[in-house]
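Encoded as structure tokens, the structure appears first; notes follow it.
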Amino acid sequence: MMNFNIMKNKKAFTMVEMLMALAVLSMLTYALYTLFSRTVKNVDIADWKSRMQTKLRTATKQLSKDIGAATYPATIKLNDTIIEKDAKWNLKFKDGNTAIKGSSDTLLEFYICTPARDIPDDQSPQKIIKCVLKANNDSAEHTRLIYEKTVEKGTAAPLDDIKKTILAEDVTYFDAKLIKAEDASTYDAANKVKYLLRVELQCAHIRYPKTIVTEYVEIPLLVKTNSQDPKSND
């Protein structure tokens, strides 16, 4: 015969205790999930910042190198050098802070011209390369900076042979302005250049828009720009 007294002496969890345990377990699970989520977010942001900073530095170095080499077409003769300072060879840029997310604009346009020598049977003719920096928004999530270089003269290659490079992604702002050399942070009194082009790029994380990375460069100019007074001799 079953002893009912033994069954009565056994203890079990009450409903209140079960609910309290479930609440504590839920709080612990939520705390672990929050900690894991924040860790993943921080790692993602740190990785994105590192990649974007590297890309922006590479982009500004490339622009600094090419814009610094922008010159007018020239022909070196035996006793003289003829420079074609026509306005069509001036550097053109979108002045001021430009929100480029969601747009497709031309931001920069300039020419790199290698001088030609006016000597019979010269084997190194003048070479002219057109450089264009564009904002490209063919993706719903990414706004890219596309850098195009086209050889317009001095090569046997087809004129429509364009070299395209993606300089940066997730770009939100492009800021360009002409500054006097003495106002530049990298002012050098020994430098005879009167104007510099200050270019600043800004990228923002897609999922965390408040996470931004910026990079700027100040580039000495050997040519005039579209923002200069055409009557000025500077």
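Here, A, B, ... name the chains of the structure tokens in the order displayed, residue numbers run from 1 inside each chain, and ligands are numbered from 1 in the same displayed order.
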
### DSSP alpha helix (DSSP H) selection over segment 55-103 of chain A, as a list in words
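These are the residues in question: Lys55, Leu56, Arg57, Thr58, Ala59, Thr60, Lys61, Gln62, Leu63, Ser64, Lys65, Asp66, Ile67 and Gly68 of chain A.
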
Atoms kept (all heavy atoms) for selection, written as a short mmCIF file (atom, residue, chain, number, x, y, z; two decimals), in the first residue's frame:
data_model
loop_
_atom_site.label_atom_id
_atom_site.label_comp_id
_atom_site.auth_asym_id
_atom_site.auth_seq_id
_atom_site.Cartn_x
_atom_site.Cartn_y
_atom_site.Cartn_z
N LYS A 55 41.24 54.21 -46.94
CA LYS A 55 40.77 54.56 -48.28
C LYS A 55 40.81 56.06 -48.52
O LYS A 55 41.21 56.53 -49.59
CB LYS A 55 39.35 54.03 -48.49
CG LYS A 55 39.28 52.53 -48.74
CD LYS A 55 37.88 52.10 -49.13
CE LYS A 55 37.84 50.62 -49.46
NZ LYS A 55 36.49 50.19 -49.90
N LEU A 56 40.38 56.84 -47.52
CA LEU A 56 40.37 58.29 -47.68
C LEU A 56 41.78 58.85 -47.78
O LEU A 56 42.04 59.78 -48.55
CB LEU A 56 39.62 58.95 -46.53
CG LEU A 56 38.10 58.76 -46.50
CD1 LEU A 56 37.48 59.58 -45.37
CD2 LEU A 56 37.47 59.17 -47.82
N ARG A 57 42.70 58.30 -47.01
CA ARG A 57 44.08 58.76 -47.10
C ARG A 57 44.68 58.43 -48.46
O ARG A 57 45.41 59.24 -49.05
CB ARG A 57 44.92 58.12 -45.98
CG ARG A 57 44.66 58.74 -44.62
CD ARG A 57 45.42 58.03 -43.52
NE ARG A 57 45.13 58.62 -42.22
CZ ARG A 57 45.51 58.10 -41.06
NH1 ARG A 57 46.21 56.97 -41.03
NH2 ARG A 57 45.21 58.71 -39.92
N THR A 58 44.36 57.24 -48.95
CA THR A 58 44.83 56.86 -50.29
C THR A 58 44.22 57.77 -51.35
O THR A 58 44.90 58.20 -52.29
CB THR A 58 44.47 55.39 -50.59
OG1 THR A 58 45.06 54.54 -49.59
CG2 THR A 58 44.99 54.98 -51.96
N ALA A 59 42.93 58.09 -51.17
CA ALA A 59 42.24 58.96 -52.13
C ALA A 59 42.83 60.36 -52.14
O ALA A 59 43.09 60.94 -53.21
CB ALA A 59 40.75 59.02 -51.80
N THR A 60 43.05 60.94 -50.96
CA THR A 60 43.61 62.29 -50.91
C THR A 60 45.04 62.33 -51.42
O THR A 60 45.46 63.32 -52.04
CB THR A 60 43.55 62.85 -49.47
OG1 THR A 60 44.16 61.91 -48.56
CG2 THR A 60 42.12 63.10 -49.04
N LYS A 61 45.80 61.27 -51.20
CA LYS A 61 47.17 61.21 -51.73
C LYS A 61 47.15 61.18 -53.25
O LYS A 61 47.96 61.83 -53.91
CB LYS A 61 47.90 59.98 -51.18
CG LYS A 61 48.38 60.13 -49.75
CD LYS A 61 49.14 58.89 -49.30
CE LYS A 61 49.62 59.03 -47.86
NZ LYS A 61 50.34 57.80 -47.40
N GLN A 62 46.22 60.39 -53.81
CA GLN A 62 46.10 60.30 -55.27
C GLN A 62 45.70 61.65 -55.86
O GLN A 62 46.28 62.11 -56.85
CB GLN A 62 45.07 59.24 -55.64
CG GLN A 62 44.86 59.04 -57.14
CD GLN A 62 46.07 58.42 -57.81
OE1 GLN A 62 46.55 57.38 -57.39
NE2 GLN A 62 46.56 59.06 -58.87
N LEU A 63 44.69 62.29 -55.25
CA LEU A 63 44.25 63.60 -55.73
C LEU A 63 45.34 64.65 -55.58
O LEU A 63 45.55 65.48 -56.47
CB LEU A 63 43.00 64.04 -54.98
CG LEU A 63 41.72 63.23 -55.26
CD1 LEU A 63 40.59 63.72 -54.36
CD2 LEU A 63 41.32 63.34 -56.72
N SER A 64 46.05 64.61 -54.46
CA SER A 64 47.13 65.57 -54.24
C SER A 64 48.23 65.41 -55.28
O SER A 64 48.74 66.41 -55.82
CB SER A 64 47.72 65.37 -52.83
OG SER A 64 48.77 66.28 -52.61
N LYS A 65 48.58 64.19 -55.59
CA LYS A 65 49.62 63.93 -56.58
C LYS A 65 49.21 64.42 -57.97
O LYS A 65 49.98 65.10 -58.65
CB LYS A 65 49.91 62.43 -56.63
CG LYS A 65 50.91 62.01 -57.70
CD LYS A 65 51.06 60.51 -57.75
CE LYS A 65 51.96 60.07 -58.90
NZ LYS A 65 52.05 58.59 -58.99
N ASP A 66 47.97 64.12 -58.38
CA ASP A 66 47.54 64.47 -59.73
C ASP A 66 47.19 65.95 -59.87
O ASP A 66 47.55 66.58 -60.87
CB ASP A 66 46.34 63.61 -60.13
CG ASP A 66 46.73 62.16 -60.40
OD1 ASP A 66 47.93 61.88 -60.44
OD2 ASP A 66 45.83 61.32 -60.55
N ILE A 67 46.50 66.51 -58.87
CA ILE A 67 46.15 67.93 -58.95
C ILE A 67 47.42 68.79 -58.89
O ILE A 67 47.53 69.81 -59.56
CB ILE A 67 45.17 68.32 -57.84
CG1 ILE A 67 43.83 67.62 -58.05
CG2 ILE A 67 44.96 69.82 -57.78
CD1 ILE A 67 42.83 67.83 -56.93
N GLY A 68 48.37 68.34 -58.07
CA GLY A 68 49.64 69.06 -57.99
C GLY A 68 50.41 69.03 -59.31
O GLY A 68 51.25 69.89 -59.57
#

### Task
Considering only C-alpha atoms, return as a PyMOL selection string whatever protein or nucleic-acid residues lie within 7 Å of Ile166 of chain A, sequence-local ones (same chain, fewer than 6 positions apart) excluded.
chain A and resi 144-147

### Given only C-alpha atoms as the counted atoms, nearest of A:Ala74, A:Tyr216, A:Ile179, A:Ala168 to Pro125 of chain A
A:Ala74

### Message
If we count only C-alpha atoms and set the cut-off at 9 Å, which residues sit around segment 105-117 of chain A, ignoring sequence neighbours fewer than 2 positions away in its own chain? Please answer as a count of residues only.
### Response
41

### Message
Please report the interatomic distance between atom CA of Asn42 of chain A and atom CA of Tyr173 of chain A in Å with one decimal.
### Response
23.8 Å

### Query
Closest to Leu196 of chain A among A:Met52, A:Ile219, A:Ile162, A:Val213, using only C-alpha atoms?
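The shortest atom-to-atom distance to Leu196 of chain A comes from A:Ile219.
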
### Query
Do you know which residues are at most 9 Å from Lys180 of chain A counting only C-alpha atoms, after dropping those on the same chain fewer than 6 positions away, and could you put them as a PyMOL selection string?
chain A and resi 193-197

### Query
Which neighbours of Thr143 of chain A fall inside 6 Å, counting only C-alpha atoms, when residues of the same chain fewer than 2 positions from it are skipped, and could you give them as a ChimeraX atom specification?
/A:101,136-137,169-171

#### Entry: Counting only C-alpha atoms, the residue of A:Thr172, A:Gln202, A:Thr165, A:Thr81 that sits nearest Lys149 of chain A
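For Lys149 of chain A, the nearest of the given residues is A:Thr165.
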
#### Entry: Backbone DSSP call of strand (DSSP E) for segment 161-204 of chain A, listed as a list in words
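Here are the strand (DSSP E) residues of segment 161-204 of chain A: Ile162, Lys163, Lys164, Thr165, Ile166, Leu167, Ala168, Val171, Thr172, Tyr173, Phe174, Asp175, Ala176, Lys177, Leu178, Ile179, Lys180, Tyr195, Leu196, Leu197, Arg198, Val199, Glu200, Leu201, Gln202, Cys203 and Ala204 of chain A.
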